[in-house]
Amino acid sequence: MMNIRVDVVLPCLNEAQALPWILERLPAGYRAIVVDNGSTDGSADLARILGAYVVHERRRGFGAAAHAGLLAATAPIVAFCDADASMDPRDLPLVVDPISADEADLVLGRRRPTTRNAWPPHARLANTYLSWRLRRITGVNIHDLGPMRAARRDHLLALDLHDRRSGYPLEMFLGAAAANWRIREVDTGYAPRVGRSKVTGTVRGTLTAIQDMSALLSANNAQSANNAQSANNARSANSASSTGNPNTNEARS
Ligand SMILES: Nc1nc2c(ncn2[C@@H]2O[C@H](COP(=O)(O)OP(=O)(O)OP(=O)(O)O)[C@@H](O)[C@H]2O)c(=O)[nH]1
Ligand SMILES: [Mg+2]
């Protein structure tokens, strides 16, 4: 049996039209974990017939599906990829190789549209704004919170992610940045999806994603403010107890 080096989590909600193209394009040593999120178009059976490992997740939501895939994975490296054929699995080594080489802890695929209509303007604008905010908050130089990404499985599990909707990729990024992971961005192709658009292709889906992500960013800001306050308190306490000794180290949060 082939040695599985990378498990590829493919969250799947009615993607039967896209699955054959995706599954035949997985590089050698990469195993597909198709997480079926209650599809009614036969996606799960098709994926199984095509040789994928199929996991069922009853709870709706991108994060619920992605996390179920992570929990089912056993390979040392886990990659994520949408199952709508907007991303080419042949690009996966671009995000995986820096992890295998221990040059990065999280690699994100920056979506580069391959055709003019690959990325709806409203989704692109929302993403540009979000990336700008993330650069300011974390200092990490990213330009896209793309769904194609890779990291070590044990590292991802240690992040203890809780979002089960569209905020999952953001929570992963924020957790990785807070833990000082080496985060890298690489260019990956982005084509028009196959099948019906569910999230960013619709204005409603985009608004839900913005809502989920805003909630996470607010929580993250509150946490940073708390940390700053604790650091201040610790500093005051430290300077009060160390008056007369200017060489005492400052408390670190
Ligand atoms: N939207 C959505 N996608 C899910 C869910 N569960 C699994 N998925 C899969 O998650 C991946 C990403 O969802 P997409 O519908 O492609 O979302 P998107 O890329 O933001 O937007 P569009 O491609 O324009 O619809 C796809 O492979 C979906 O099939 C779910 O509950 N909701
Ligand atoms: Mg998509």
# chains A, B, ... in the order shown; residues from 1 in each chain; ligands from 1
call {"tool": "closest_atom_pairs", "arguments": {"of": "chain A", "to": "ligand 1", "cutoff": "7 Å", "atoms": "only C-alpha atoms and all ligand atoms", "output": "Markdown table"}}
result
| residue | atom | partner | partner_atom_place_in_ligand_line | distance |
| --- | --- | --- | --- | --- |
| A:Leu10 | CA | ligand 1 | 27 (O) | 6.2 |
| A:Pro11 | CA | ligand 1 | 9 (C) | 4.2 |
| A:Cys12 | CA | ligand 1 | 29 (O) | 3.6 |
| A:Leu13 | CA | ligand 1 | 29 (O) | 3.7 |
| A:Asn14 | CA | ligand 1 | 29 (O) | 6.0 |
| A:Glu15 | CA | ligand 1 | 29 (O) | 5.7 |
| A:Asp36 | CA | ligand 1 | 7 (C) | 6.9 |
| A:Asn37 | CA | ligand 1 | 6 (N) | 4.9 |
| A:Arg60 | CA | ligand 1 | 31 (O) | 4.1 |
| A:Gly61 | CA | ligand 1 | 31 (O) | 3.2 |
| A:Phe62 | CA | ligand 1 | 5 (C) | 4.2 |
| A:Ala65 | CA | ligand 1 | 6 (N) | 5.4 |
| A:Asp82 | CA | ligand 1 | 27 (O) | 4.0 |
| A:Ala83 | CA | ligand 1 | 27 (O) | 3.5 |
| A:Asp84 | CA | ligand 1 | 27 (O) | 4.9 |
| A:Arg193 | CA | ligand 1 | 23 (O) | 5.5 |
| A:Arg196 | CA | ligand 1 | 25 (O) | 6.6 |
| A:Ser197 | CA | ligand 1 | 25 (O) | 3.2 |
| A:Lys198 | CA | ligand 1 | 25 (O) | 3.4 |
| A:Val199 | CA | ligand 1 | 21 (O) | 3.9 |
| A:Thr200 | CA | ligand 1 | 21 (O) | 3.9 |
| A:Gly201 | CA | ligand 1 | 24 (O) | 3.3 |
| A:Thr202 | CA | ligand 1 | 24 (O) | 6.6 |
call {"tool": "write_last_selection", "arguments": {"atoms": "C-alpha atoms", "output": "PDB file, in the first residue's frame"}}
result
ATOM      1  CA  LEU A  10     -12.223  18.068   1.184  1.00  0.00           C
ATOM      2  CA  PRO A  11     -15.376  19.514   2.799  1.00  0.00           C
ATOM      3  CA  CYS A  12     -18.215  18.498   0.545  1.00  0.00           C
ATOM      4  CA  LEU A  13     -21.801  19.654   0.243  1.00  0.00           C
ATOM      5  CA  ASN A  14     -23.318  18.498  -3.042  1.00  0.00           C
ATOM      6  CA  GLU A  15     -20.170  18.521  -5.145  1.00  0.00           C
ATOM      7  CA  ASP A  36     -19.777  14.743   3.358  1.00  0.00           C
ATOM      8  CA  ASN A  37     -21.946  17.388   4.958  1.00  0.00           C
ATOM      9  CA  ARG A  60     -23.855  21.842   8.660  1.00  0.00           C
ATOM     10  CA  GLY A  61     -21.144  24.416   8.190  1.00  0.00           C
ATOM     11  CA  PHE A  62     -17.782  24.661   6.483  1.00  0.00           C
ATOM     12  CA  ALA A  65     -16.891  19.637   7.853  1.00  0.00           C
ATOM     13  CA  ASP A  82     -12.419  23.079  -1.440  1.00  0.00           C
ATOM     14  CA  ALA A  83     -14.269  20.306  -3.263  1.00  0.00           C
ATOM     15  CA  ASP A  84     -15.786  22.575  -5.906  1.00  0.00           C
ATOM     16  CA  ARG A 193     -16.265  26.670  -9.291  1.00  0.00           C
ATOM     17  CA  ARG A 196     -23.908  25.820  -7.549  1.00  0.00           C
ATOM     18  CA  SER A 197     -22.235  28.530  -5.517  1.00  0.00           C
ATOM     19  CA  LYS A 198     -22.873  28.374  -1.766  1.00  0.00           C
ATOM     20  CA  VAL A 199     -20.902  30.942   0.146  1.00  0.00           C
ATOM     21  CA  THR A 200     -18.969  33.739  -1.459  1.00  0.00           C
ATOM     22  CA  GLY A 201     -20.683  33.332  -4.814  1.00  0.00           C
ATOM     23  CA  THR A 202     -23.848  34.690  -3.229  1.00  0.00           C
TER      24      THR A 202
END
call {"tool": "residues_around", "arguments": {"residues": "stretch 130-146 of chain A", "least_positions_apart": "5", "cutoff": "10 Å", "atoms": "only C-alpha atoms", "output": "VMD selection string"}}
result
chain A and resid 80 to 82 107 to 112 124 to 125 169 to 170 173 to 174 176 to 178 180 182 to 188 190 210 213 to 214 217 220 to 221 224
call {"tool": "select_by_dssp", "arguments": {"residues": "stretch 3-158 of chain A", "states": "alpha helix (DSSP H)", "output": "PyMOL selection string"}}
result
chain A and resi 19-23+43-49+62-72+92-100+121-138+153-158
call {"tool": "closest_residue", "arguments": {"among": "A:His67, A:Thr115, A:Pro76, A:His56", "to": "A:Tyr30", "atoms": "only C-alpha atoms"}}
result
A:Pro76
call {"tool": "closest_residue", "arguments": {"among": "A:Ser86, A:Gln229, A:Ser100, A:Thr208", "to": "A:Gly189", "atoms": "only C-alpha atoms"}}
result
A:Ser86
call {"tool": "closest_residue", "arguments": {"among": "A:Pro113, A:Pro27, A:Pro147, A:Pro98", "to": "ligand 2", "atoms": "only C-alpha atoms and all ligand atoms"}}
result
A:Pro147
call {"tool": "closest_residue", "arguments": {"among": "A:Val194, A:Ile4, A:Leu92, A:Ala158", "to": "ligand 2", "atoms": "only C-alpha atoms and all ligand atoms"}}
result
A:Val194
call {"tool": "select_by_dssp", "arguments": {"residues": "stretch 8-242 of chain A", "states": "strand (DSSP E)", "output": "ChimeraX atom specification"}}
result
/A:8-12,30-36,53-56,77-80,106-113,149-152,183-190
call {"tool": "write_last_selection", "arguments": {"atoms": "N, CA and C atoms", "output": "CSV table (one decimal), in the first residue's frame"}}
result
chain,number,residue,atom,x,y,z
A,8,VAL,N,-5.7,15.0,2.7
A,8,VAL,CA,-6.3,16.2,2.1
A,8,VAL,C,-7.8,16.2,2.5
A,9,VAL,N,-8.1,17.2,3.3
A,9,VAL,CA,-9.5,17.3,3.8
A,9,VAL,C,-10.3,18.1,2.7
A,10,LEU,N,-11.4,17.5,2.2
A,10,LEU,CA,-12.2,18.1,1.2
A,10,LEU,C,-13.6,18.2,1.7
A,11,PRO,N,-14.0,19.3,2.3
A,11,PRO,CA,-15.4,19.5,2.8
A,11,PRO,C,-16.3,19.5,1.6
A,12,CYS,N,-17.4,18.7,1.7
A,12,CYS,CA,-18.2,18.5,0.5
A,12,CYS,C,-19.7,18.6,0.8
A,30,TYR,N,-0.8,11.4,-1.4
A,30,TYR,CA,-1.9,12.3,-0.8
A,30,TYR,C,-3.2,11.5,-0.8
A,31,ARG,N,-3.8,11.4,0.4
A,31,ARG,CA,-5.1,10.7,0.5
A,31,ARG,C,-6.2,11.7,0.6
A,32,ALA,N,-7.3,11.5,-0.1
A,32,ALA,CA,-8.5,12.4,-0.1
A,32,ALA,C,-9.4,11.9,1.1
A,33,ILE,N,-9.7,12.9,2.0
A,33,ILE,CA,-10.7,12.6,3.0
A,33,ILE,C,-11.9,13.5,2.6
A,34,VAL,N,-12.9,12.9,2.0
A,34,VAL,CA,-14.1,13.7,1.6
A,34,VAL,C,-15.0,13.7,2.8
A,35,VAL,N,-15.3,14.9,3.3
A,35,VAL,CA,-16.2,15.0,4.5
A,35,VAL,C,-17.6,15.4,3.9
A,36,ASP,N,-18.5,14.5,3.9
A,36,ASP,CA,-19.8,14.7,3.4
A,36,ASP,C,-20.6,15.4,4.4
A,53,TYR,N,-11.5,8.3,1.0
A,53,TYR,CA,-11.9,8.0,2.4
A,53,TYR,C,-13.1,9.0,2.7
A,54,VAL,N,-14.3,8.4,3.0
A,54,VAL,CA,-15.4,9.3,3.2
A,54,VAL,C,-15.8,9.4,4.7
A,55,VAL,N,-15.9,10.6,5.2
A,55,VAL,CA,-16.4,10.8,6.5
A,55,VAL,C,-17.7,11.6,6.5
A,56,HIS,N,-18.6,11.3,7.4
A,56,HIS,CA,-19.9,12.0,7.4
A,56,HIS,C,-19.9,13.0,8.6
A,77,ILE,N,0.9,15.4,7.9
A,77,ILE,CA,0.6,16.7,7.4
A,77,ILE,C,-0.9,16.6,6.9
A,78,VAL,N,-1.6,17.7,7.2
A,78,VAL,CA,-3.0,17.8,6.7
A,78,VAL,C,-3.1,19.0,5.8
A,79,ALA,N,-3.7,18.8,4.7
A,79,ALA,CA,-4.0,20.0,3.8
A,79,ALA,C,-5.5,20.1,3.6
A,80,PHE,N,-6.0,21.3,3.3
A,80,PHE,CA,-7.4,21.6,3.1
A,80,PHE,C,-7.5,22.1,1.7
A,106,LEU,N,2.5,27.0,8.8
A,106,LEU,CA,1.2,27.1,8.2
A,106,LEU,C,1.4,27.7,6.8
A,107,VAL,N,1.0,27.1,5.8
A,107,VAL,CA,1.1,27.7,4.4
A,107,VAL,C,-0.2,27.9,3.8
A,108,LEU,N,-0.5,29.1,3.4
A,108,LEU,CA,-1.8,29.5,2.8
A,108,LEU,C,-1.6,29.7,1.3
A,109,GLY,N,-2.6,29.2,0.6
A,109,GLY,CA,-2.6,29.5,-0.9
A,109,GLY,C,-3.3,30.8,-1.1
A,110,ARG,N,-2.6,31.7,-1.7
A,110,ARG,CA,-3.2,33.0,-2.1
A,110,ARG,C,-3.8,32.8,-3.5
A,111,ARG,N,-5.1,33.0,-3.5
A,111,ARG,CA,-5.9,32.7,-4.7
A,111,ARG,C,-5.5,33.7,-5.8
A,112,ARG,N,-5.1,33.1,-6.9
A,112,ARG,CA,-4.8,33.9,-8.1
A,112,ARG,C,-5.7,33.5,-9.2
A,113,PRO,N,-6.7,34.3,-9.5
A,113,PRO,CA,-7.8,33.9,-10.5
A,113,PRO,C,-7.1,33.5,-11.9
A,149,ARG,N,-4.6,25.2,2.1
A,149,ARG,CA,-3.6,25.4,3.1
A,149,ARG,C,-3.1,24.1,3.7
A,150,ALA,N,-2.0,24.1,4.4
A,150,ALA,CA,-1.5,22.9,5.0
A,150,ALA,C,-0.7,23.2,6.3
A,151,ALA,N,-0.7,22.3,7.2
A,151,ALA,CA,0.1,22.4,8.4
A,151,ALA,C,0.3,21.0,9.0
A,152,ARG,N,1.0,20.9,10.0
A,152,ARG,CA,1.2,19.5,10.7
A,152,ARG,C,-0.1,19.2,11.4
A,183,ILE,N,4.2,31.5,9.3
A,183,ILE,CA,3.1,31.5,8.3
A,183,ILE,C,3.7,32.0,7.0
A,184,ARG,N,3.4,31.2,6.0
A,184,ARG,CA,3.8,31.6,4.6
A,184,ARG,C,2.7,31.6,3.7
A,185,GLU,N,2.8,32.5,2.7
A,185,GLU,CA,1.7,32.5,1.6
A,185,GLU,C,2.4,32.2,0.3
A,186,VAL,N,1.7,31.4,-0.5
A,186,VAL,CA,2.2,31.0,-1.8
A,186,VAL,C,1.0,31.2,-2.8
A,187,ASP,N,1.4,31.5,-4.0
A,187,ASP,CA,0.3,31.7,-5.1
A,187,ASP,C,-0.3,30.3,-5.5
A,188,THR,N,-1.6,30.3,-5.6
A,188,THR,CA,-2.3,29.1,-6.1
A,188,THR,C,-3.4,29.6,-7.1
A,189,GLY,N,-3.7,28.7,-8.0
A,189,GLY,CA,-4.7,29.1,-9.0
A,189,GLY,C,-6.1,29.1,-8.4
A,190,TYR,N,-7.0,29.9,-9.1
A,190,TYR,CA,-8.4,29.9,-8.6
A,190,TYR,C,-9.3,30.1,-9.8
call {"tool": "decode", "arguments": {"residues": "stretch 72-120 of chain A", "atoms": "C-alpha atoms", "output": "PDB file, in the first residue's frame"}}
result
ATOM      1  CA  ALA A  72     -10.280  11.778  10.865  1.00  0.00           C
ATOM      2  CA  ALA A  73      -6.813  12.440   9.458  1.00  0.00           C
ATOM      3  CA  THR A  74      -3.878  10.278  10.474  1.00  0.00           C
ATOM      4  CA  ALA A  75      -1.075  11.526   8.227  1.00  0.00           C
ATOM      5  CA  PRO A  76       1.545  13.857   9.745  1.00  0.00           C
ATOM      6  CA  ILE A  77       0.554  16.680   7.394  1.00  0.00           C
ATOM      7  CA  VAL A  78      -3.000  17.794   6.719  1.00  0.00           C
ATOM      8  CA  ALA A  79      -4.001  19.957   3.772  1.00  0.00           C
ATOM      9  CA  PHE A  80      -7.375  21.566   3.095  1.00  0.00           C
ATOM     10  CA  CYS A  81      -8.907  22.157  -0.301  1.00  0.00           C
ATOM     11  CA  ASP A  82     -12.419  23.079  -1.440  1.00  0.00           C
ATOM     12  CA  ALA A  83     -14.269  20.306  -3.263  1.00  0.00           C
ATOM     13  CA  ASP A  84     -15.786  22.575  -5.906  1.00  0.00           C
ATOM     14  CA  ALA A  85     -12.950  22.393  -8.482  1.00  0.00           C
ATOM     15  CA  SER A  86     -12.107  26.061  -7.972  1.00  0.00           C
ATOM     16  CA  MET A  87      -8.689  24.881  -6.819  1.00  0.00           C
ATOM     17  CA  ASP A  88      -6.448  22.371  -8.493  1.00  0.00           C
ATOM     18  CA  PRO A  89      -5.211  19.545  -6.233  1.00  0.00           C
ATOM     19  CA  ARG A  90      -2.047  19.535  -8.345  1.00  0.00           C
ATOM     20  CA  ASP A  91      -1.231  22.819  -6.563  1.00  0.00           C
ATOM     21  CA  LEU A  92      -1.271  21.079  -3.176  1.00  0.00           C
ATOM     22  CA  PRO A  93       2.518  20.482  -3.042  1.00  0.00           C
ATOM     23  CA  LEU A  94       2.918  24.264  -3.129  1.00  0.00           C
ATOM     24  CA  VAL A  95       1.359  24.476   0.328  1.00  0.00           C
ATOM     25  CA  VAL A  96       2.617  21.116   1.596  1.00  0.00           C
ATOM     26  CA  ASP A  97       6.295  21.159   0.630  1.00  0.00           C
ATOM     27  CA  PRO A  98       7.327  24.047   2.930  1.00  0.00           C
ATOM     28  CA  ILE A  99       5.722  22.116   5.815  1.00  0.00           C
ATOM     29  CA  SER A 100       7.513  18.866   4.899  1.00  0.00           C
ATOM     30  CA  ALA A 101      10.793  20.777   4.688  1.00  0.00           C
ATOM     31  CA  ASP A 102      10.096  22.366   8.099  1.00  0.00           C
ATOM     32  CA  GLU A 103      10.394  25.807   6.572  1.00  0.00           C
ATOM     33  CA  ALA A 104       6.912  26.891   7.692  1.00  0.00           C
ATOM     34  CA  ASP A 105       4.201  25.858  10.145  1.00  0.00           C
ATOM     35  CA  LEU A 106       1.190  27.057   8.163  1.00  0.00           C
ATOM     36  CA  VAL A 107       1.149  27.656   4.421  1.00  0.00           C
ATOM     37  CA  LEU A 108      -1.781  29.466   2.838  1.00  0.00           C
ATOM     38  CA  GLY A 109      -2.589  29.451  -0.857  1.00  0.00           C
ATOM     39  CA  ARG A 110      -3.162  32.996  -2.103  1.00  0.00           C
ATOM     40  CA  ARG A 111      -5.878  32.699  -4.728  1.00  0.00           C
ATOM     41  CA  ARG A 112      -4.788  33.948  -8.132  1.00  0.00           C
ATOM     42  CA  PRO A 113      -7.754  33.916 -10.519  1.00  0.00           C
ATOM     43  CA  THR A 114      -7.111  31.987 -13.710  1.00  0.00           C
ATOM     44  CA  THR A 115     -10.036  33.651 -15.523  1.00  0.00           C
ATOM     45  CA  ARG A 116     -11.747  37.014 -15.193  1.00  0.00           C
ATOM     46  CA  ASN A 117     -14.924  35.598 -13.632  1.00  0.00           C
ATOM     47  CA  ALA A 118     -13.259  33.227 -11.157  1.00  0.00           C
ATOM     48  CA  TRP A 119     -13.748  35.512  -8.176  1.00  0.00           C
ATOM     49  CA  PRO A 120     -16.900  37.636  -7.761  1.00  0.00           C
TER      50      PRO A 120
END
